[in-house]
>>> print(open('protein_27.cif').read())   # mmCIF, C-alpha atoms
data_query
#
loop_
_atom_site.label_atom_id
_atom_site.label_comp_id
_atom_site.auth_asym_id
_atom_site.auth_seq_id
_atom_site.Cartn_x
_atom_site.Cartn_y
_atom_site.Cartn_z
CA MET A 223 0.00 0.00 0.00
CA PRO A 224 1.51 3.39 -0.97
CA ALA A 225 2.80 5.31 2.05
CA ARG A 226 1.21 8.55 0.87
CA LEU A 227 -2.27 7.10 0.44
CA SER A 228 -4.65 9.35 2.39
CA PRO A 229 -6.49 8.02 5.49
CA PHE A 230 -9.78 8.28 3.56
CA TRP A 231 -8.57 5.92 0.83
CA ARG A 232 -6.82 3.61 3.30
CA VAL A 233 -10.14 3.15 5.08
CA CYS A 234 -11.89 2.64 1.73
CA PHE A 235 -9.31 0.02 0.72
CA ALA A 236 -9.65 -1.77 4.06
CA MET A 237 -13.45 -1.80 3.72
CA CYS A 238 -13.26 -3.15 0.17
CA VAL A 239 -10.73 -5.87 1.03
CA GLY A 240 -12.46 -6.61 4.32
CA VAL A 241 -15.70 -7.68 2.68
CA MET A 242 -13.96 -9.80 -0.01
CA GLY A 243 -14.16 -12.84 2.22
CA THR A 244 -17.93 -12.62 2.62
CA ALA A 245 -18.99 -14.06 -0.76
CA LEU A 246 -15.68 -15.70 -1.65
CA ALA A 247 -17.00 -19.18 -0.87
CA SER A 248 -20.02 -18.91 -3.20
CA PRO A 249 -18.42 -20.46 -6.32
CA LEU A 250 -16.83 -23.12 -4.11
CA TYR A 251 -20.09 -24.54 -2.73
CA PRO A 252 -20.31 -27.36 -5.32
CA PHE A 253 -16.88 -28.56 -4.14
CA TYR A 254 -18.03 -28.54 -0.52
CA GLN A 255 -21.30 -30.18 -1.53
CA GLU A 256 -19.45 -33.05 -3.19
CA LEU A 257 -16.79 -33.33 -0.49
CA TRP A 258 -19.21 -33.43 2.45
CA HIS A 259 -22.35 -34.79 0.66
CA LEU A 260 -24.46 -31.72 1.44
CA LYS A 261 -28.08 -30.98 0.44
CA SER A 262 -29.36 -27.65 -0.93
CA SER A 263 -30.69 -26.74 2.51
CA ASP A 264 -27.24 -27.42 3.99
CA ILE A 265 -25.68 -25.00 1.51
CA THR A 266 -28.21 -22.27 2.26
CA GLY A 267 -27.67 -22.90 5.98
CA ILE A 268 -23.91 -22.50 5.62
CA PHE A 269 -24.42 -19.38 3.54
CA SER A 270 -26.77 -17.96 6.17
CA ALA A 271 -24.28 -18.63 8.98
CA TYR A 272 -22.35 -15.63 7.70
CA MET A 273 -25.52 -13.55 7.79
CA PHE A 274 -26.23 -14.53 11.40
CA GLY A 275 -22.70 -13.44 12.27
CA VAL A 276 -23.34 -10.06 10.68
CA MET A 277 -26.64 -9.73 12.52
CA GLY A 278 -24.98 -10.47 15.85
CA SER A 279 -22.29 -7.91 15.10
CA LEU A 280 -24.78 -5.22 14.14
CA LEU A 281 -27.02 -5.91 17.13
CA PHE A 282 -24.45 -6.26 19.89
CA LEU A 283 -21.28 -4.57 18.61
CA GLY A 284 -22.82 -1.55 16.87
CA ARG A 285 -22.06 0.84 19.74
CA LEU A 286 -18.38 -0.06 19.93
CA THR A 287 -17.58 2.45 17.18
CA ASN A 288 -19.18 5.25 19.20
CA ARG A 289 -17.21 4.25 22.29
CA PHE A 290 -13.76 3.51 20.88
CA GLY A 291 -13.86 5.29 17.51
CA PHE A 292 -13.93 3.88 14.01
CA LEU A 293 -10.19 3.18 13.60
CA PRO A 294 -9.74 0.63 16.44
CA ILE A 295 -12.98 -1.17 15.52
CA LEU A 296 -12.13 -1.20 11.81
CA GLY A 297 -8.66 -2.54 12.63
CA ALA A 298 -10.14 -5.24 14.87
CA GLY A 299 -12.71 -6.15 12.21
CA SER A 300 -10.05 -6.39 9.52
CA THR A 301 -7.92 -8.63 11.74
CA LEU A 302 -10.91 -10.84 12.58
CA MET A 303 -11.87 -11.08 8.90
CA THR A 304 -8.36 -12.24 7.99
CA LEU A 305 -8.54 -14.90 10.70
CA GLY A 306 -11.96 -16.01 9.43
CA VAL A 307 -10.63 -16.40 5.88
CA LEU A 308 -7.72 -18.44 7.26
CA LEU A 309 -10.14 -20.69 9.16
CA SER A 310 -12.20 -21.17 5.97
CA MET A 311 -9.06 -22.21 4.14
CA LEU A 312 -8.25 -24.77 6.85
CA ALA A 313 -11.84 -26.01 7.42
CA TRP A 314 -11.83 -29.81 7.88
CA ASN A 315 -15.58 -30.44 8.23
CA PRO A 316 -18.92 -28.58 7.89
CA ALA A 317 -18.88 -27.46 11.54
CA ALA A 318 -15.46 -25.81 11.15
CA PHE A 319 -16.61 -24.15 7.94
CA VAL A 320 -19.77 -22.83 9.61
CA ALA A 321 -17.61 -21.45 12.44
CA SER A 322 -15.41 -19.66 9.90
CA ARG A 323 -18.49 -18.14 8.25
CA LEU A 324 -19.75 -16.89 11.62
CA VAL A 325 -16.37 -15.24 12.30
CA ILE A 326 -16.42 -13.64 8.84
CA GLY A 327 -19.94 -12.37 9.51
CA LEU A 328 -18.98 -10.80 12.83
CA ALA A 329 -16.00 -9.13 11.18
CA SER A 330 -18.09 -7.92 8.23
CA GLY A 331 -20.57 -6.16 10.51
CA MET A 332 -17.74 -4.42 12.37
CA ILE A 333 -16.06 -3.39 9.10
CA THR A 334 -19.12 -2.04 7.31
CA THR A 335 -20.35 0.01 10.28
CA SER A 336 -16.99 1.45 11.35
CA ALA A 337 -15.76 2.09 7.79
CA SER A 338 -19.00 3.88 6.84
CA ILE A 339 -18.69 6.15 9.87
CA GLY A 340 -14.98 6.66 9.24
CA LEU A 341 -15.49 7.65 5.61
CA ASN A 342 -18.14 10.17 6.64
CA TYR A 343 -15.72 11.67 9.17
CA LEU A 344 -12.72 11.73 6.81
CA ASN A 345 -14.69 13.17 3.89
CA ASP A 346 -13.42 16.75 3.44
CA SER A 347 -15.81 17.69 0.63
CA GLY A 348 -18.90 17.87 2.86
CA ASP A 349 -20.86 16.02 0.16
CA ALA A 350 -22.87 13.30 1.94
CA LYS A 351 -24.03 11.84 -1.38
CA ARG A 352 -20.41 11.42 -2.53
CA THR A 353 -19.54 9.56 0.65
CA ALA A 354 -22.59 7.31 0.28
CA VAL A 355 -21.56 6.47 -3.29
CA VAL A 356 -17.93 5.76 -2.28
CA THR A 357 -19.11 3.61 0.63
CA THR A 358 -21.57 1.50 -1.33
CA PHE A 359 -19.22 1.30 -4.32
CA GLY A 360 -16.34 0.10 -2.15
CA MET A 361 -18.48 -2.46 -0.35
CA THR A 362 -20.03 -3.78 -3.54
CA LEU A 363 -16.66 -3.93 -5.30
CA GLY A 364 -15.21 -5.94 -2.43
CA PHE A 365 -18.18 -8.31 -2.37
CA GLY A 366 -17.69 -8.91 -6.10
CA LEU A 367 -13.91 -9.36 -6.03
CA GLY A 368 -14.20 -12.21 -3.56
CA PRO A 369 -16.19 -14.67 -5.73
CA LEU A 370 -14.48 -13.47 -8.91
CA ILE A 371 -10.92 -14.08 -7.71
CA GLY A 372 -11.90 -17.17 -5.73
CA GLY A 373 -13.77 -18.68 -8.69
CA LEU A 374 -10.95 -18.01 -11.16
CA VAL A 375 -8.32 -19.47 -8.83
CA ALA A 376 -10.49 -22.50 -8.01
CA GLN A 377 -11.10 -23.19 -11.70
CA TRP A 378 -7.45 -23.74 -12.58
CA ALA A 379 -5.27 -23.84 -9.43
CA PRO A 380 -4.60 -27.07 -7.52
CA ALA A 381 -6.33 -27.64 -4.16
CA PRO A 382 -9.15 -25.14 -4.93
CA LEU A 383 -10.55 -25.19 -1.39
CA VAL A 384 -7.20 -23.88 -0.15
CA SER A 385 -5.74 -21.82 -3.00
CA ALA A 386 -8.95 -19.82 -3.60
CA TYR A 387 -8.55 -18.11 -0.22
CA VAL A 388 -4.89 -17.09 -0.58
CA PRO A 389 -5.39 -13.74 -2.46
CA SER A 390 -7.99 -12.53 0.05
CA LEU A 391 -5.78 -13.59 2.95
CA LEU A 392 -2.76 -11.64 1.63
CA LEU A 393 -4.81 -8.53 0.82
CA GLY A 394 -6.37 -8.69 4.28
CA LEU A 395 -2.95 -8.62 5.90
CA LEU A 396 -1.96 -5.63 3.73
CA ALA A 397 -5.16 -3.71 4.56
CA THR A 398 -4.79 -4.36 8.29
CA TRP A 399 -1.18 -3.18 8.21
CA GLY A 400 -2.25 0.01 6.40
CA LEU A 401 -4.95 0.77 8.98
CA PHE A 402 -2.56 0.58 11.92
CA ARG A 403 -0.33 3.11 10.17
CA ILE A 404 -3.03 5.81 10.09
CA PRO A 405 -2.06 8.60 12.55
CA VAL A 406 -4.19 8.75 15.68
CA GLN A 407 -5.18 12.39 15.03
CA HIS A 408 -7.53 11.17 12.30
CA GLN A 409 -9.67 9.60 15.00
CA PRO A 410 -12.84 11.70 15.63
CA PRO A 411 -13.85 12.80 19.14
CA ARG A 412 -16.34 10.52 20.86
CA PRO A 413 -19.96 11.76 20.44
CA PRO A 414 -21.58 13.10 23.64
CA SER A 415 -24.24 10.38 23.40
CA ALA A 416 -21.69 7.56 23.52
CA PRO A 417 -21.82 5.55 26.73
CA ALA A 418 -19.28 6.22 29.41
CA LYS A 419 -16.38 3.82 29.76
CA GLY A 420 -17.73 2.43 32.98
CA SER A 421 -21.12 1.37 31.59
CA SER A 422 -20.02 -2.06 30.41
CA LEU A 423 -23.47 -3.70 30.31
CA ALA A 424 -25.11 -0.98 28.19
CA GLN A 425 -22.22 -1.25 25.75
CA TRP A 426 -23.33 -4.72 24.68
CA LEU A 427 -27.09 -4.17 24.47
CA PRO A 428 -28.67 -4.21 20.97
CA SER A 429 -28.10 -0.93 19.14
CA ILE A 430 -31.33 -0.08 17.30
CA THR A 431 -32.16 3.47 16.22
CA LEU A 432 -34.99 4.92 14.11
CA PRO A 433 -35.18 8.31 12.37
CA PRO A 434 -37.74 10.98 13.30
CA SER A 435 -41.34 9.85 12.82
CA ALA A 436 -41.84 12.05 9.73
CA LEU A 437 -39.13 10.09 7.90
CA ARG A 438 -39.84 6.58 9.11
CA ARG A 439 -41.92 5.55 6.11
CA HIS A 440 -39.07 6.59 3.82
CA PHE A 441 -36.63 4.72 6.04
CA TRP A 442 -38.66 1.50 6.03
CA ILE A 443 -39.13 1.63 2.25
CA ALA A 444 -35.35 1.99 1.87
CA CYS A 445 -34.78 -0.87 4.32
CA MET A 446 -37.22 -3.18 2.53
CA GLY A 447 -35.70 -2.29 -0.84
CA THR A 448 -32.32 -3.45 0.42
CA PHE A 449 -34.03 -6.46 2.04
CA SER A 450 -35.24 -7.46 -1.42
CA ALA A 451 -31.90 -6.71 -3.09
CA PHE A 452 -29.98 -8.79 -0.56
CA GLY A 453 -32.49 -11.62 -0.90
CA MET A 454 -32.07 -11.67 -4.67
CA PHE A 455 -28.31 -11.60 -4.43
CA SER A 456 -28.33 -14.39 -1.84
CA LEU A 457 -30.22 -16.59 -4.28
CA TYR A 458 -27.46 -16.18 -6.85
CA ALA A 459 -24.64 -16.39 -4.30
CA SER A 460 -25.80 -19.61 -2.61
CA LEU A 461 -27.61 -21.61 -5.27
CA ALA A 462 -26.48 -20.13 -8.61
CA PRO A 463 -23.89 -22.88 -9.19
CA SER A 464 -26.74 -25.40 -8.91
CA PHE A 465 -29.50 -23.87 -11.02
CA MET A 466 -27.10 -22.33 -13.58
CA GLN A 467 -26.15 -25.84 -14.77
CA ASP A 468 -29.53 -26.10 -16.53
CA MET A 469 -29.41 -22.58 -17.99
CA LEU A 470 -25.87 -22.05 -19.29
CA PRO A 471 -23.65 -24.16 -21.56
CA TRP A 472 -20.61 -23.40 -19.38
CA HIS A 473 -19.93 -24.70 -15.88
CA GLY A 474 -17.39 -24.46 -13.08
CA PRO A 475 -16.45 -22.11 -10.24
CA ALA A 476 -15.09 -19.48 -12.64
CA VAL A 477 -18.46 -19.20 -14.42
CA SER A 478 -20.50 -18.93 -11.21
CA GLY A 479 -17.92 -16.60 -9.66
CA ILE A 480 -17.99 -14.30 -12.69
CA SER A 481 -21.81 -14.28 -12.72
CA ILE A 482 -22.00 -13.35 -9.04
CA ALA A 483 -19.25 -10.76 -9.44
CA MET A 484 -20.93 -9.23 -12.48
CA ILE A 485 -24.05 -8.50 -10.44
CA LEU A 486 -21.94 -6.64 -7.90
CA PHE A 487 -19.63 -4.87 -10.37
CA LEU A 488 -22.55 -3.68 -12.46
CA SER A 489 -24.31 -2.69 -9.25
CA SER A 490 -21.31 -0.49 -8.40
CA ALA A 491 -21.33 1.03 -11.89
CA PHE A 492 -25.04 1.83 -11.69
CA GLN A 493 -24.49 3.47 -8.30
CA LEU A 494 -21.85 5.73 -9.78
CA LEU A 495 -24.07 6.65 -12.73
CA ALA A 496 -27.01 7.41 -10.41
CA ARG A 497 -25.03 9.30 -7.76
CA ARG A 498 -26.65 12.66 -8.66
CA THR A 499 -30.17 11.26 -8.95
CA SER A 500 -32.69 12.06 -6.23
CA THR A 501 -33.21 9.48 -3.49
CA ARG A 502 -36.91 9.19 -4.35
CA THR A 503 -36.15 8.40 -7.99
CA THR A 504 -33.51 5.78 -7.13
CA ALA A 505 -35.94 4.16 -4.69
CA ILE A 506 -38.74 3.82 -7.26
CA ALA A 507 -36.44 2.73 -10.10
CA GLY A 508 -34.56 0.26 -7.91
CA LEU A 509 -37.71 -1.40 -6.59
CA GLY A 510 -39.22 -1.56 -10.07
CA ALA A 511 -36.04 -3.22 -11.37
CA LEU A 512 -36.09 -5.77 -8.56
CA ALA A 513 -39.68 -6.69 -9.46
CA LEU A 514 -38.70 -7.05 -13.12
CA CYS A 515 -35.58 -9.18 -12.48
CA ASN A 516 -37.65 -11.67 -10.51
CA LEU A 517 -40.10 -11.95 -13.39
CA LEU A 518 -37.21 -12.46 -15.83
CA LEU A 519 -35.68 -15.20 -13.69
CA LEU A 520 -39.14 -16.77 -13.39
CA LEU A 521 -39.40 -16.91 -17.20
CA THR A 522 -35.86 -18.26 -17.41
CA THR A 523 -36.69 -21.26 -15.24
CA TYR A 524 -39.35 -22.31 -17.76
CA SER A 525 -37.58 -21.38 -20.98
CA GLY A 526 -33.95 -22.19 -20.11
CA SER A 527 -32.99 -19.16 -22.22
CA THR A 528 -29.40 -17.97 -21.77
CA PHE A 529 -30.40 -14.53 -23.04
CA LEU A 530 -33.16 -14.16 -20.44
CA PHE A 531 -30.79 -15.34 -17.71
CA MET A 532 -28.17 -12.75 -18.65
CA LEU A 533 -30.87 -10.08 -18.86
CA SER A 534 -32.12 -11.03 -15.40
CA VAL A 535 -28.53 -10.69 -14.07
CA LEU A 536 -28.26 -7.21 -15.64
CA VAL A 537 -31.59 -6.02 -14.21
CA THR A 538 -30.75 -7.57 -10.82
CA ALA A 539 -27.53 -5.55 -10.76
CA PHE A 540 -29.43 -2.37 -11.61
CA GLY A 541 -32.00 -2.93 -8.85
CA HIS A 542 -29.35 -4.01 -6.35
CA GLY A 543 -27.26 -0.90 -7.01
CA LEU A 544 -30.10 1.60 -6.75
CA ALA A 545 -31.57 -0.07 -3.65
CA ASN A 546 -28.21 0.12 -1.86
CA LEU A 547 -27.62 3.70 -2.99
CA THR A 548 -31.09 4.69 -1.76
CA GLY A 549 -30.56 3.19 1.68
CA MET A 550 -27.08 4.59 2.30
CA SER A 551 -28.08 8.03 0.98
CA LEU A 552 -31.13 8.17 3.23
CA VAL A 553 -29.12 7.16 6.31
CA GLY A 554 -26.56 9.83 5.44
CA LYS A 555 -29.29 12.46 5.16
CA VAL A 556 -31.21 11.80 8.35
CA ALA A 557 -28.44 10.69 10.72
CA THR A 558 -26.58 12.84 13.24
CA PRO A 559 -23.11 11.98 14.61
CA GLY A 560 -24.74 10.46 17.68
CA THR A 561 -27.32 8.36 15.79
CA ARG A 562 -25.36 7.36 12.69
CA ALA A 563 -24.06 4.04 14.06
CA GLY A 564 -27.50 3.02 15.37
CA LEU A 565 -29.34 4.00 12.18
CA LEU A 566 -26.80 2.23 10.02
CA SER A 567 -27.07 -0.89 12.17
CA SER A 568 -30.88 -0.82 12.00
CA TYR A 569 -30.80 -0.42 8.22
CA LEU A 570 -28.27 -3.21 7.73
CA ILE A 571 -30.10 -5.56 10.11
CA VAL A 572 -33.23 -5.39 7.91
CA ALA A 573 -31.04 -5.90 4.84
CA TYR A 574 -29.38 -9.01 6.26
CA VAL A 575 -32.69 -10.46 7.38
CA GLY A 576 -33.51 -10.29 3.66
CA ALA A 577 -30.39 -12.30 2.95
CA ILE A 578 -31.28 -14.92 5.56
CA ALA A 579 -35.02 -15.62 5.70
CA PRO A 580 -35.91 -15.94 1.99
CA ILE A 581 -32.88 -18.06 1.12
CA LEU A 582 -33.45 -20.44 4.03
CA GLY A 583 -36.99 -20.83 2.71
CA VAL A 584 -35.65 -21.59 -0.76
CA GLY A 585 -33.30 -24.24 0.66
CA TRP A 586 -36.12 -25.92 2.58
CA LEU A 587 -38.43 -25.84 -0.44
CA SER A 588 -35.66 -27.22 -2.66
CA ASP A 589 -35.35 -30.32 -0.49
CA HIS A 590 -39.11 -30.94 -0.52
CA LEU A 591 -40.35 -29.62 -3.88
CA GLY A 592 -37.26 -29.37 -6.04
CA LEU A 593 -34.97 -26.46 -6.85
CA THR A 594 -36.96 -25.20 -9.85
CA THR A 595 -40.23 -25.00 -7.90
CA ALA A 596 -38.44 -23.27 -5.01
CA VAL A 597 -36.99 -20.62 -7.35
CA VAL A 598 -40.42 -20.05 -8.93
CA ILE A 599 -42.05 -19.48 -5.52
CA PHE A 600 -39.23 -17.17 -4.44
CA CYS A 601 -39.44 -15.07 -7.63
CA THR A 602 -43.22 -14.77 -7.44
CA VAL A 603 -43.24 -13.59 -3.82
CA MET A 604 -40.35 -11.16 -4.29
CA ALA A 605 -41.82 -9.70 -7.48
CA LEU A 606 -45.11 -8.95 -5.69
CA LEU A 607 -43.29 -7.48 -2.68
CA THR A 608 -41.03 -5.14 -4.66
CA ALA A 609 -43.79 -4.02 -7.01
CA THR A 610 -45.92 -3.08 -4.01
CA LEU A 611 -43.01 -1.21 -2.40
CA ALA A 612 -42.41 0.70 -5.63
CA LEU A 613 -46.02 1.89 -5.65
CA ILE A 614 -45.77 2.99 -2.01
CA ALA A 615 -42.45 4.79 -2.67
CA ASN A 616 -44.07 6.66 -5.55
CA SER A 617 -46.77 7.97 -3.21
CA LEU A 618 -44.33 9.35 -0.60
CA PRO A 619 -43.41 13.05 -0.56
CA PRO A 620 -39.80 14.13 -1.19
CA ILE A 621 -37.42 13.88 1.74
CA ARG A 622 -36.82 17.20 3.49
CA THR A 623 -34.17 17.32 6.19
CA PRO A 624 -31.92 20.00 7.59
CA ALA A 625 -29.02 18.27 5.80
CA GLY A 626 -30.87 18.52 2.49
#
>>> encode(input="protein_27.cif", output="structure tokens")
Amino acid sequence: MPARLSPFWRVCFAMCVGVMGTALASPLYPFYQELWHLKSSDITGIFSAYMFGVMGSLLFLGRLTNRFGFLPILGAGSTLMTLGVLLSMLAWNPAAFVASRLVIGLASGMITTSASIGLNYLNDSGDAKRTAVVTTFGMTLGFGLGPLIGGLVAQWAPAPLVSAYVPSLLLGLLATWGLFRIPVQHQPPRPPSAPAKGSSLAQWLPSITLPPSALRRHFWIACMGTFSAFGMFSLYASLAPSFMQDMLPWHGPAVSGISIAMILFLSSAFQLLARRTSTRTTAIAGLGALALCNLLLLLTTYSGSTFLFMLSVLVTAFGHGLANLTGMSLVGKVATPGTRAGLLSSYLIVAYVGAIAPILGVGWLSDHLGLTTAVVIFCTVMALLTATLALIANSLPPIRTPAG
């Protein structure tokens, strides 16, 4: 890492690298399935273990950033993520792999919350929208690099369940080293609302915060939009290697890794293109796109069309990007220094519930009704949900806050 890289970009790099390990295992699931004789529900359960780790981090560790500052928590999260990736690489049975996914989830929650707060503090431009775009872009880029690099390495390198984790492990060490070299003066003062150092019990209680009542409908629409986006991405990330075998003429971890990464890379690109668009417009367009991508995937399951599958991936990326941009922008608008960590945790908790509940349902349905039927039910329910949310978002008045 260049010595003259600014603290802002060091934090951004650490956030991007820190979340690489979260979806890295997605293209590797067929290997694990064959090695340990796992069912579809087992795969979705392992995938969700990461999400439960994130939820625990957001619920019980969300206030640590307010107490200790973003730099120590980001450094701890980056260290924990690197250890989680190492444990994944060494996993000897499903239980050890689940434990590694839980560790990665805990670290991911610490990284996303502390890095988001840190980037807001280190942003000298005063442009909250710019910071939201950089934050979501960095996170999404990191999420995509994990399965892309892991899938490519696993396709051609020996010992794929070991070698696929090496790039993320090395980058994690570099990012952690760079964080501990940031001067302490870049640490913000502790907000007045942060708990005193002696209040140890309150420090670990769930950190849930809501915006003022006039903005709660906007907040919940943004949360549910990301709920739907995370649910759709989880379908691709956990079961894509399985259902893609019937839709595409190419197979292997590289193909599934590239497909998953393309959703996230295109999502990042759409966020950059829409960075100057109003939050209300991104909310409506994102929810509409999420409804459409579910309908396209529904048609794909019956037709087996490669074109429709690729189109559904493109529209999924568009909806995923705008939903994430909407949520992060809204949190940036309505939060104060004392409520930012709590609001961000609340928003991300709803998002990760979307990544857990629907995909566990798909895994259970796959075991009992077959994968195709499970995907059809998922797409139908999610299309109805997002279409309804788009109509509600269209009826809401523009957001007016002191921050603009």
>>> residues_around(input="protein_27.cif", residues="Leu391 in chain A", least_positions_apart="4", cutoff="10 Å", atoms="all atoms listed in the file", output="list in words")
Val239, Gly240, Met242, Gly243, Met303, Thr304, Leu305, Gly306, Val307, Leu308, Met311, Ala386, Tyr387, Leu395 and Leu396 of chain A
>>> write_last_selection(input="protein_27.cif", atoms="C-alpha atoms", output="mmCIF file, in the frame of the given file")
data_model
loop_
_atom_site.group_PDB
_atom_site.id
_atom_site.type_symbol
_atom_site.label_atom_id
_atom_site.label_comp_id
_atom_site.auth_asym_id
_atom_site.auth_seq_id
_atom_site.Cartn_x
_atom_site.Cartn_y
_atom_site.Cartn_z
ATOM 1 C CA VAL A 239 -10.730 -5.870 1.030
ATOM 2 C CA GLY A 240 -12.460 -6.610 4.320
ATOM 3 C CA MET A 242 -13.960 -9.800 -0.010
ATOM 4 C CA GLY A 243 -14.160 -12.840 2.220
ATOM 5 C CA MET A 303 -11.870 -11.080 8.900
ATOM 6 C CA THR A 304 -8.360 -12.240 7.990
ATOM 7 C CA LEU A 305 -8.540 -14.900 10.700
ATOM 8 C CA GLY A 306 -11.960 -16.010 9.430
ATOM 9 C CA VAL A 307 -10.630 -16.400 5.880
ATOM 10 C CA LEU A 308 -7.720 -18.440 7.260
ATOM 11 C CA MET A 311 -9.060 -22.210 4.140
ATOM 12 C CA ALA A 386 -8.950 -19.820 -3.600
ATOM 13 C CA TYR A 387 -8.550 -18.110 -0.220
ATOM 14 C CA LEU A 395 -2.950 -8.620 5.900
ATOM 15 C CA LEU A 396 -1.960 -5.630 3.730
#
>>> residues_around(input="protein_27.cif", residues="Met604 in chain A", least_positions_apart="6", cutoff="10 Å", atoms="all atoms listed in the file", output="PDB file with C-alpha atoms, in the coordinates of the input")
ATOM      1  CA  SER A 450     -35.240  -7.460  -1.420  1.00  0.00           C
ATOM      2  CA  ALA A 451     -31.900  -6.710  -3.090  1.00  0.00           C
ATOM      3  CA  GLY A 453     -32.490 -11.620  -0.900  1.00  0.00           C
ATOM      4  CA  MET A 454     -32.070 -11.670  -4.670  1.00  0.00           C
ATOM      5  CA  LEU A 512     -36.090  -5.770  -8.560  1.00  0.00           C
ATOM      6  CA  ALA A 513     -39.680  -6.690  -9.460  1.00  0.00           C
ATOM      7  CA  LEU A 514     -38.700  -7.050 -13.120  1.00  0.00           C
ATOM      8  CA  CYS A 515     -35.580  -9.180 -12.480  1.00  0.00           C
ATOM      9  CA  ASN A 516     -37.650 -11.670 -10.510  1.00  0.00           C
ATOM     10  CA  LEU A 517     -40.100 -11.950 -13.390  1.00  0.00           C
ATOM     11  CA  PRO A 580     -35.910 -15.940   1.990  1.00  0.00           C
ATOM     12  CA  THR A 610     -45.920  -3.080  -4.010  1.00  0.00           C
TER      13      THR A 610
END
>>> resolve_selection(input="protein_27.cif", expression="the PyMOL selection byres ((chain A and resi 493) around 7)", output="PyMOL selection string")
chain A and resi 355+359+489-492+494-497+543-544+547
>>> atom_distance(input="protein_27.cif", atom1="CA of Ala615 in chain A", atom2="CA of Ser338 in chain A")
25.3 Å
>>> atom_distance(input="protein_27.cif", atom1="CA of His440 in chain A", atom2="CA of Val553 in chain A")
10.3 Å
>>> residues_around(input="protein_27.cif", residues="Thr522 in chain A", least_positions_apart="2", cutoff="10 Å", atoms="all atoms listed in the file", output="list in words")
Met469, Asn516, Leu517, Leu518, Leu519, Leu520, Tyr524, Ser525, Gly526, Ser527, Thr528, Phe529, Leu530, Phe531, Met532, Leu533, Ser534 and Val598 of chain A
>>> atom_distance(input="protein_27.cif", atom1="CA of Val388 in chain A", atom2="CA of Leu312 in chain A")
11.2 Å
>>> resolve_selection(input="protein_27.cif", expression="the PyMOL selection byres ((chain A and resi 241) around 8)", output="PyMOL selection string")
chain A and resi 237-240+242-245+330+333+361+364-365+368
>>> closest_residue(input="protein_27.cif", among="A:Gly541, A:Gly267, A:Gly508, A:Gly297", to="Ala577 in chain A", atoms="all atoms listed in the file")
A:Gly267
>>> resolve_selection(input="protein_27.cif", expression="the PyMOL selection byres ((chain A and resi 319-322) around 7)", output="PyMOL selection string")
chain A and resi 268+271+306+309-310+313+315-318+323-326
>>> residues_around(input="protein_27.cif", residues="Ala298 in chain A", least_positions_apart="6", cutoff="9 Å", atoms="only C-alpha atoms", output="VMD selection string")
chain A and resid 329 332 to 333 398
>>> closest_residue(input="protein_27.cif", among="A:Phe282, A:Trp231, A:Phe441, A:Tyr574", to="Thr548 in chain A", atoms="only C-alpha atoms")
A:Phe441
>>> residues_near_point(input="protein_27.cif", point="(-28.2, -0.2, 11.2)", cutoff="10 Å", atoms="all atoms listed in the file", output="PDB file with C-alpha atoms, in the frame of the given file")
ATOM      1  CA  MET A 277     -26.640  -9.730  12.520  1.00  0.00           C
ATOM      2  CA  LEU A 280     -24.780  -5.220  14.140  1.00  0.00           C
ATOM      3  CA  LEU A 281     -27.020  -5.910  17.130  1.00  0.00           C
ATOM      4  CA  GLY A 284     -22.820  -1.550  16.870  1.00  0.00           C
ATOM      5  CA  GLY A 331     -20.570  -6.160  10.510  1.00  0.00           C
ATOM      6  CA  THR A 335     -20.350   0.010  10.280  1.00  0.00           C
ATOM      7  CA  SER A 429     -28.100  -0.930  19.140  1.00  0.00           C
ATOM      8  CA  ILE A 430     -31.330  -0.080  17.300  1.00  0.00           C
ATOM      9  CA  THR A 431     -32.160   3.470  16.220  1.00  0.00           C
ATOM     10  CA  LEU A 432     -34.990   4.920  14.110  1.00  0.00           C
ATOM     11  CA  CYS A 445     -34.780  -0.870   4.320  1.00  0.00           C
ATOM     12  CA  VAL A 553     -29.120   7.160   6.310  1.00  0.00           C
ATOM     13  CA  THR A 561     -27.320   8.360  15.790  1.00  0.00           C
ATOM     14  CA  ARG A 562     -25.360   7.360  12.690  1.00  0.00           C
ATOM     15  CA  ALA A 563     -24.060   4.040  14.060  1.00  0.00           C
ATOM     16  CA  GLY A 564     -27.500   3.020  15.370  1.00  0.00           C
ATOM     17  CA  LEU A 565     -29.340   4.000  12.180  1.00  0.00           C
ATOM     18  CA  LEU A 566     -26.800   2.230  10.020  1.00  0.00           C
ATOM     19  CA  SER A 567     -27.070  -0.890  12.170  1.00  0.00           C
ATOM     20  CA  SER A 568     -30.880  -0.820  12.000  1.00  0.00           C
ATOM     21  CA  TYR A 569     -30.800  -0.420   8.220  1.00  0.00           C
ATOM     22  CA  LEU A 570     -28.270  -3.210   7.730  1.00  0.00           C
ATOM     23  CA  ILE A 571     -30.100  -5.560  10.110  1.00  0.00           C
ATOM     24  CA  VAL A 572     -33.230  -5.390   7.910  1.00  0.00           C
ATOM     25  CA  ALA A 573     -31.040  -5.900   4.840  1.00  0.00           C
TER      26      ALA A 573
END
>>> closest_residue(input="protein_27.cif", among="A:Leu250, A:Ala459, A:Leu370, A:Val233", to="Gly340 in chain A", atoms="all atoms listed in the file")
A:Val233
>>> closest_residue(input="protein_27.cif", among="A:Cys234, A:Lys555, A:Ile614, A:Trp586", to="Leu437 in chain A", atoms="only C-alpha atoms")
A:Lys555
>>> residues_around(input="protein_27.cif", residues="Pro620 in chain A", least_positions_apart="6", cutoff="9 Å", atoms="all atoms listed in the file", output="PDB file with C-alpha atoms, in the coordinates of the input")
ATOM      1  CA  SER A 500     -32.690  12.060  -6.230  1.00  0.00           C
ATOM      2  CA  THR A 501     -33.210   9.480  -3.490  1.00  0.00           C
ATOM      3  CA  ARG A 502     -36.910   9.190  -4.350  1.00  0.00           C
TER       4      ARG A 502
END
